[in-house]
Amino acid sequence: MAEEKKLKLSNTVLPSESMKVVAESMGIAQIQEETCQLLTDEVSYRIKEIAQDALKFMHMGKRQKLTTSDIDYALKLKNVEPLYGFHAQEFIPFRFASGGGRELYFYEEKEVDLSDIINTPLPRVPLDVCLKAHWLSIEGCQPAIPENPPPAPKEQQKAEATEPLKSAKPGQEEDGPLKGKGQKEKKAPPLLEGAPLRLKPRSIHELSVEQQLYYKEITEACVGSCEAKRAEALQSIATDPGLYQMLPRFSTFISEGVRVNVVQNNLALLIYLMRMVKALMDNPTLYLEKYVHELIPAVMTCIVSRQLCLRPDVDNHWALRDFAARLVAQICKHFSTTTNNIQSRITKTFTKSWVDEKTPWTTRYGSIAGLAELGHDVIKTLILPRLQQEGERIRGVLDGPVLSNIDRIGADHVQSLLLKHCAPVLAKLRPPPDNQDAYRAEFGSLGPLLCSHVVKARAQAALQAQQVNRTTLTITQPRPTLTLSQAPQPGPRTPGLLKVPGSIALPVQTLVSTRAAAPPQPSPPPTKFIVMSSSSSASSTQQVLSLSTSAPGSGSTTTSPVTTTVPSVQPIVKLVSTATTAPPSTAPAGPGSVQKYIVVSLPPTGEGKGGPASHPSPVPTPTSAPSPLGGSALCGGKPEAGESPPPAPGTPKANGSQPPGTGSPPPAP
Amino acid sequence: MAALAEEQTEVAVKLEPEGPPTLLPPQAGDGAGEGGGGTTNSGPNGGGGNVAAASSAGGDGGTPKPSVAVSAVAPAGAAPVPATAPEASAPHDRQTLLAVLQFLRQSNLREAEEALRREARLLEEAVAGSGAPGEADSAGAETASALLSRVTASAPGPSAPDPPVSGASGSAAVSGLATGSVAPGKVGSVSVEDQPDVSAVLSAYSQQGDPTMYEEYYSGLKHFIECSLDCHRAELSQLFYPLFVHMYLELVYNQHENEAKSFFEKFHGDQECYYQDDLRVLSSLTKKEHMKGNETMLDFRTSKFVLRISRDSYQLLKRHLQEKQNNQIWNIVQEHLYIDIFDGMPRSKQQIDAMVGSLAGEAKREANKSKVFFGLLKEPEIEVPLDDEDEEGENEEGKPKKKKPKKDSIGSKSKKQDPNAPPQNRIPLPELKDSDKLDKIMNMKETTKRVRLGPDCLPSICFYTFLNAYQGLTAVDVTDDSSLIAGGFADSTVRVWSVTPKKLRSVKQAADLSLIDKESDDVLERIMDEKTASELKILYGHSGPVYGASFSPDRNYLLSSSEDGTVRLWSLQTFTCLVGYKGHNYPVWDTQFSPYGYYFVSGGHDRVARLWATDHYQPLRIFAGHLADVNCTRFHPNSNYVATGSADRTVRLWDVLNGNCVRIFTGHKGPIHSLTFSPNGRFLATGATDGRVLLWDIGHGLMVGELKGHTDTVCSLRFSRDGEILASGSMDNTVRLWDAVKAFEDVETDDFTTATGHINLPENSQELLLGTYMTKSTPVVHLHFTRRNLVLAAGAYSPQ
């Protein structure tokens with residue numbers, strides 16, 4: 001307390017210029033400088049006085065943030081008429097502008113089209129206040145449940161990993177530092193090397209009985225045969241805040257599991273393990289960097305391994321490769337730094353195995369998929385130059401004498417993969433007139449196919465743009481209704497998940513908003529949101545559901561599905577509007593205030609309250625019709641499946657335990 | 001009652017004479033003055049009807065007959081005062097009356113004045129004993145005005161009982177008393193009244209030294225203090241702040257703006273950091289015009305800043321000032337400071353730091369000398385029914401045995417009268433109803449299952465999160481049996497949840513009620529309307545944020561206080577508003593029911609706390625004396641005292657019986673936002689915006705502990721049912737548990753400490769802290785221990 005001796009006093013007074021401006025606006029033209037000075041003194045004093053009173057209301061209102069209503073009440077105390085009309089809870093309606101050496105704050109007033117307001121569907125009624133109980137502490141111990149803050153926040157886990165000597169876990173406070181000190185004192189003298197050698201105190205990694213039980217249950221459920229249980233377990237891994245102590249176990253479990261099951265060609269188990277990786281990465285409270293070295297080899301194995309299943313001709317191991325490729329891309333995005341160079345190392349590995357002539361088609365497919373998922377730049381620099389060469393190779397297999405059915409299938413898959421990934425890139429790179437011959441000249445045998453795909457891609461992009469434009473322009477036209485209000489049906493039921501928006505890990509959702517400025521109150525222009533399903537984890541995939549809202553935060557207005565979501569295990573839909581946040585798992589906010597809400601729906605186990613179940617038949621656009629992912633156990637992880645040939649029906653073995661859509665209701669027709 | 005004007009710091013306006021020990025008993029014994037107690041039986045055993053009777057508007061409940069008592073009093077706002085007439089033989093009562101009369105005249109409150117005048121005639125007769133009872137009104141008025149002139153004449157005297165002099169707090173209090181509900185324009189009138197006051201108050205500043213010398217004076221004193229012996233330095237350093245403030249104000253008042261500014265710039269850095277908030281206010285005050293109506297300024301002027309200095313240090317200071325002929329400073333010391341001199345060792349820096357920080361310095365020692373009956377009242381004997389199914393079946397011969405231990409367990413305390421307890425009937429308390437007895441029995445049963453808490457056995461905490469409250473949750477209360485939770489919201493609503501499977505039902509409509517067979521056994525069940533059953537009931541009525549909520553002990557009523565200046569009483573049978581208690585006129589920050597029901601206390605922005613009874617629409621007591629908002633109010637467990645915490649950074653304890661302030665606790669460095677008494681009534685815990693929790697011994701009037709740990713305002717405090725654990729909840733999103741037994745164990749209460757009030761606080765917050773529990777961005781607004789010692793915490797989730 002004593003440190004803060006220096007009182008931060010603001011002797012700021014309003015500039016007398018402001019007084020002049022105000023006077024002018026009221027029609028008093030000539031005002032003397034002296035008068036202005038007196039006025040500024042007085043006004044500044046009164047403003048400070050009111051601000052002090054307003055603070056009182058803020059404190060009594062048990063808030064940390066001063067609101068406009070506090071000012072109103074403070075004015076009321078002084079017997080002054082409050083300023084009406086400033087009921088914005090969350091943003092200050094002043095804009096800043098500068099120019100010509102003058103700085104200006106002004107209130108943005110927009111012309112409002114009344115018919116727009118009248119025709120706009122009413123915003124949804126905000127959720128009512130509700131009461132929810134949870135255990136903050138049980139006999140002195142804080143249970144690690146989502147309602148409580150994570151026992152060890154990510155920063156702390158990171159600090160432990162990177163600066164072990166500084167770490168002081170709350171639990172180890174008593175002995176941790178002591179031990180450290182003891183070691184220092186004991187070890188330092190015998191070393192006698194001048195520089196004090198600091199040793200990391202050995203920490204004993206013990207799991208409590210409950211944790212051991214949990215670990216057992218979770219791992220068994222994850223690789224067991226019951227899909228409902230698995231979904232629950234994965235959900236738990238993805239959301240529970242208290243898992244960091246078990247992280248080394250999980251990571252070992254996964255890497256060992258992959259090692260064994262690759263040898264045994266057990267496709268199903270590999271898929272399950274990859275889904276565990278995905279869930280771990282989705283958990284916002286885990287600091288995964290420490291275990292990436294174990295996870296990357298496992299995931300890479302699942303991408304490029306020569307054989308992943310017993311019957312490569314029938315089983316859909318391609319889906320696993322795609323999924324794992326997306327995982328790797330996600331890992332790169334998250335953990336790649338200039339020091340560890342994860343991305344460049346991975347890229348190198350993929351390129352090496354692809355360039356190799358003897359590489360089998362399966363590995364080839366994996367390498368290409370891995371590279372392609374890393375983004376457009378990688379496709380441009382690494383894949384496009386090799387298209388011609390690869391095209392020749394594919395033609396050689398497809399058109400040549402039938403050597404082996406497996407090779408044929410492999411080549412086929414590689415071809416469609418290349419087409420799928422390269423077409424959008426080319427569509428962006430090349431100027432519009434798509435000429436079959438030009439493509440053939442540049443890309444060889446793949447040229448014509450590529451060309452048609454690029455045309456398609458262009459058409460789709462145009463369609464999207466058009467739709468987006470339309471929605472942005474007007475909001476009153478009828479449109480196929482996929483209202484978000486229906487999707488998160490379990491919203492009010494509060495699925496027991498408090499997600500702090502800020503801490504949501506990247507893969508879960510991405511927000512794209514076309515508007516930057518906060519909309520003013522009465523009639524904000526429509527805002528476009530893109531909602532991405534969580535399962536479309538990979539960064540560059542385009543599983544886009546764009547919808548337009550006309551009232552901020554309400555989200556209940558018409559939506560226009562450009563592409564549709566594919567049902568997934570954990571349909572997490574997050575709608576974010578421009579300015580504000582609202583409590584999680586709640587739907588829309590108070591009327592008139594800009595709100596953001598997140599709707600998290602539970603996996604549709606048992607009760608069938610999952611999001612997709614309530615999707616009212618989104619209207620698929622022709623180019624992106626989702627095809628049911630027949631044998632894919634990857635829970636809607638293939639948003640662009642529409643463009644790739646549907647995977648062959650899986651073998652009973654691979655498929656038996658994974659119904660299509662993995663436990664979620666079948667995709668919309 | 002002349003004290004009203006003289007002692008601005010401890011104004012206690014009393015509506016009742018000091019004579020009779022009754023506190024407007026529930027039976028309305030002296031109904032004579034009230035126009036024939038129609039509410040004779042309207043004690044707490046009247047069910048929902050009694051309170052409804054008090055309000056003329058809320059009578060849609062089961063009230064049999066609307067009372068006349070209230071309407072009889074209604075015509076004159078000052079009517080309660082006449083009730084004092086018969087006993088008002090003491091001359092100071094008359095003086096007060098006249099002072100009030102004068103005030104009324106100044107405020108243009110003709111009607112009230114007339115009424116009072118009429119009554120004053122009676123008073124005059126009673127006092128003078130003149131044998132002319134049949135005199136006309138005009139004569140009465142004449143005598144009254146004669147008296148008035150006498151008072152006005154005496155006003156310029158030294159101890160002028162002139163209400164305006166009493167400054168904002170005094171006059172606000174008086175006007176609140178006098179005008180009551182009569183004058184809706186009171187707000188305006190007070191502020192108008194303030195202005196002549198200011199000039200009167202400021203007149204002391206008219207004497208003027210050379211403005212350029214002020215800096216020199218101050219730095220001279222600073223130099224002297226810094227060069228004095230260590231043992232004196234800490235004590236004398238206390239002078240810095242009040243001198244700084246007064247010198248600055250003098251400069252400003254005499255319109256030496258630039259000198260004032262440079263004086264402030266130069267020396268504000270020397271002040272202790274806990275005066276920051278006041279300095280900030282002071283810094284904005286740069287013109288004489290600003291001083292009008294500035295509350296902080298008025299506080300400084302109207303109340304003397306109290307310093308506690310040892311005799312040696314004081315002599316040193318006196319000598320220095322006299323040597324230097326430093327009249328300017330000497331004048332300020334004489335006029336604006338109250339130096340409480342004690343014999344013995346000078347205090348250390350820590351000792352001083354622990355006690356200072358309030359707006360007007362420390363409490364005078366004699367302020368905390370009066371006796372406080374902090375013991376608990378004897379529990380009434382309640383026959384515990386023998387058919388107690390959860391006791392293992394003991395047969396006939398076991399019965400007497402069983403009865404005994406039970407009585408012991410609950411009666412050990414209650415059997416023998418606590419020597420510190422007030423007399424049982426010191427404050428008239430409502431009689432126990434059958435339902436209360438049942439509740440007490442339930443309580444005892446629960447008590448047997450109570451967890452014994454301690455450092456090794458921490459309570460579990462169940463957190464009730466208010467979702468979707470959008471930062472609007474402002475108050476929470478939980479019933480004693482933990483079955484209901486009420487939330488007050490910024491949108492003016494009060495919401496009541498049932499947290500047990502039992503849903504909330506309201507009573508049927510009158511027409512339906514008449515159809516019920518009143519003889520049936522389950523009549524109480526039948527009067528409930530099943531159709532209205534729900535988990536949540538919303539109470540509409542306030543027109544501003546609801547800052548306080550409190551359930552009555554019998555769970556039949558709910559109180560809420562709001563920004564709109566009212567306290568409302570709601571029936572939990574009909575879920576309607578029964579009464580709106582008006583009087584505060586400014587935001588009411590807190591309200592609480594007495595532990596025995598019937599009475600309640602409220603405190604607000606008008607700097608007073610008021611004691612009310614549910615069946616009186618006007619306050620029974622007004623506790624005035626705080627220099628800033630009364631932020632929180634709590635009843636002592638024995639209902640004889642009320643504690644208030646204020647933004648002037650003091651805690652005061654008031655005697656409900658006579659309205660006197662019996663304790664002033666200073667030491668907090670920020671506005672106080674939470675209070676709680678220990679279950680045995682001996683201790684008080686207070687929490688403030690500075691994040692500290694202070695513990696006080698009520699009997700000795702001493703600070704006995706300091707709990708540091710919170711980093712933000714402590715919003716809620718609660719002792720466990722047996723007082724072993726103190727739980728504190730804060731805006732920093734944590735709940736902390738403290739070892740209360742240990743905290744009170746090593747309290748030094750030897751005679752010396754008690755006599756001098758010097759306390760050495762052990763620095764043991766870390767040892768006392770038993771647990772810290774973070775919530776997920778949820779400020780902890782309320783804490784509650786269930787009867788089995790489970791902690792219930794509540795707050796609104798507010799994402800950042």
# chains A, B, ... in the order shown; residues from 1 in each chain; ligands from 1
>>> residues_around(residues="Gly370 (chain A)", least_positions_apart="3", cutoff="7 Å", atoms="only C-alpha atoms", output="VMD selection string")
chain A and resid 325 350 366 to 367 373 to 374
>>> write_last_selection(atoms="N, CA, C and O atoms", output="mmCIF file, in the first residue's frame")
data_model
loop_
_atom_site.group_PDB
_atom_site.id
_atom_site.type_symbol
_atom_site.label_atom_id
_atom_site.label_comp_id
_atom_site.auth_asym_id
_atom_site.auth_seq_id
_atom_site.Cartn_x
_atom_site.Cartn_y
_atom_site.Cartn_z
ATOM 1 N N ALA A 325 -4.170 -35.534 -40.803
ATOM 2 C CA ALA A 325 -3.495 -34.430 -41.486
ATOM 3 C C ALA A 325 -4.001 -33.108 -40.934
ATOM 4 O O ALA A 325 -3.229 -32.172 -40.703
ATOM 5 N N PHE A 350 7.082 -34.563 -44.998
ATOM 6 C CA PHE A 350 6.069 -34.886 -46.014
ATOM 7 C C PHE A 350 6.667 -34.818 -47.410
ATOM 8 O O PHE A 350 6.473 -35.724 -48.240
ATOM 9 N N GLY A 366 -1.100 -39.634 -47.917
ATOM 10 C CA GLY A 366 -0.953 -38.988 -46.608
ATOM 11 C C GLY A 366 -0.081 -37.751 -46.680
ATOM 12 O O GLY A 366 -0.415 -36.701 -46.119
ATOM 13 N N SER A 367 1.019 -37.881 -47.419
ATOM 14 C CA SER A 367 1.920 -36.737 -47.484
ATOM 15 C C SER A 367 1.234 -35.546 -48.133
ATOM 16 O O SER A 367 1.351 -34.404 -47.664
ATOM 17 N N GLU A 373 -3.142 -29.581 -46.006
ATOM 18 C CA GLU A 373 -3.839 -28.998 -44.857
ATOM 19 C C GLU A 373 -3.063 -27.834 -44.261
ATOM 20 O O GLU A 373 -3.605 -27.069 -43.472
ATOM 21 N N LEU A 374 -1.802 -27.733 -44.608
ATOM 22 C CA LEU A 374 -1.010 -26.674 -43.997
ATOM 23 C C LEU A 374 -1.317 -25.304 -44.573
ATOM 24 O O LEU A 374 -0.762 -24.313 -44.128
#
>>> interface_residues(of="chain A", to="chain B", cutoff="6 Å", atoms="only C-alpha atoms", output="tab-separated table (two decimals) with C-alpha atoms, in the first residue's frame")
chain	number	residue	atom	x	y	z
A	5	LYS	CA	2.52	7.00	-2.48
A	6	LYS	CA	2.35	9.03	-5.56
A	45	TYR	CA	-15.43	20.26	-11.07
A	61	GLY	CA	-24.01	-2.37	-7.53
A	62	LYS	CA	-21.14	-4.82	-6.98
A	129	VAL	CA	-31.86	-14.94	-14.80
A	130	CYS	CA	-31.42	-18.38	-13.44
A	131	LEU	CA	-29.77	-19.92	-10.48
A	132	LYS	CA	-27.26	-22.69	-10.73
A	133	ALA	CA	-25.54	-24.41	-7.89
A	134	HIS	CA	-22.21	-26.13	-7.87
A	135	TRP	CA	-19.60	-27.12	-5.35
A	136	LEU	CA	-16.98	-24.49	-4.93
A	137	SER	CA	-15.27	-26.53	-2.29
A	138	ILE	CA	-15.83	-29.86	-0.68
A	139	GLU	CA	-14.42	-30.01	2.79
A	140	GLY	CA	-11.68	-27.64	1.87
A	148	ASN	CA	-14.66	-23.78	-11.12
A	149	PRO	CA	-11.61	-22.15	-12.54
A	583	PRO	CA	-22.66	-15.45	-19.99
>>> residues_around(residues="Phe57 (chain A)", least_positions_apart="4", cutoff="9 Å", atoms="only C-alpha atoms", output="PyMOL selection string")
chain A and resi 53+61-63+66+69-71+73-74
>>> atom_distance(atom1="CA of Ser237 (chain B)", atom2="CA of Gly357 (chain B)")
13.1 Å
>>> atom_distance(atom1="CA of Trp654 (chain B)", atom2="CA of Ala609 (chain B)")
9.5 Å
>>> residues_around(residues="region 706-710 of chain B", least_positions_apart="3", cutoff="8 Å", atoms="only C-alpha atoms", output="PyMOL selection string")
chain B and resi 691-695+713-714+730+732+734+761+763-766+768
>>> closest_residue(among="B:Met444, B:Asp517, B:His542, B:Ser534", to="Asp491 (chain B)", atoms="only C-alpha atoms")
B:His542
>>> closest_residue(among="A:Ala221, A:Ala228, A:Gln307, A:His376", to="Leu273 (chain A)", atoms="only C-alpha atoms")
A:Ala221
>>> atom_distance(atom1="CA of Phe677 (chain B)", atom2="CA of Ile352 (chain B)")
24.9 Å
>>> residues_around(residues="Phe244 (chain B)", least_positions_apart="2", cutoff="8 Å", atoms="only C-alpha atoms", output="number ranges by chain")
B: 218, 240-242, 246-248, 267-268
>>> select_by_dssp(residues="region 221-287 of chain A", states="helix (DSSP H, G or I)", output="PyMOL selection string")
chain A and resi 221-223+227-239+244-263+267-282
>>> closest_residue(among="A:Val355, A:Leu387, A:Ile296, A:Leu269", to="Arg230 (chain A)", atoms="only C-alpha atoms")
A:Leu269
>>> residues_around(residues="region 363-380 of chain B", least_positions_apart="6", cutoff="9 Å", atoms="only C-alpha atoms", output="MDAnalysis selection string")
chainID B and resid 306:308 338:340 355:356 410:411 413:424 432 636:641 650 655 661:666 679:683 698:702 755:757
>>> residues_around(residues="Leu221 (chain B)", least_positions_apart="2", cutoff="10 Å", atoms="only C-alpha atoms", output="list in words")
Glu215, Glu216, Tyr217, Tyr218, Ser219, His223, Phe224, Ile225, Glu226, Cys227, Leu236, Ser237, Leu239, Phe240, Leu243, Leu317, His320, Leu321, Lys324, Asn326 and Ile329 of chain B
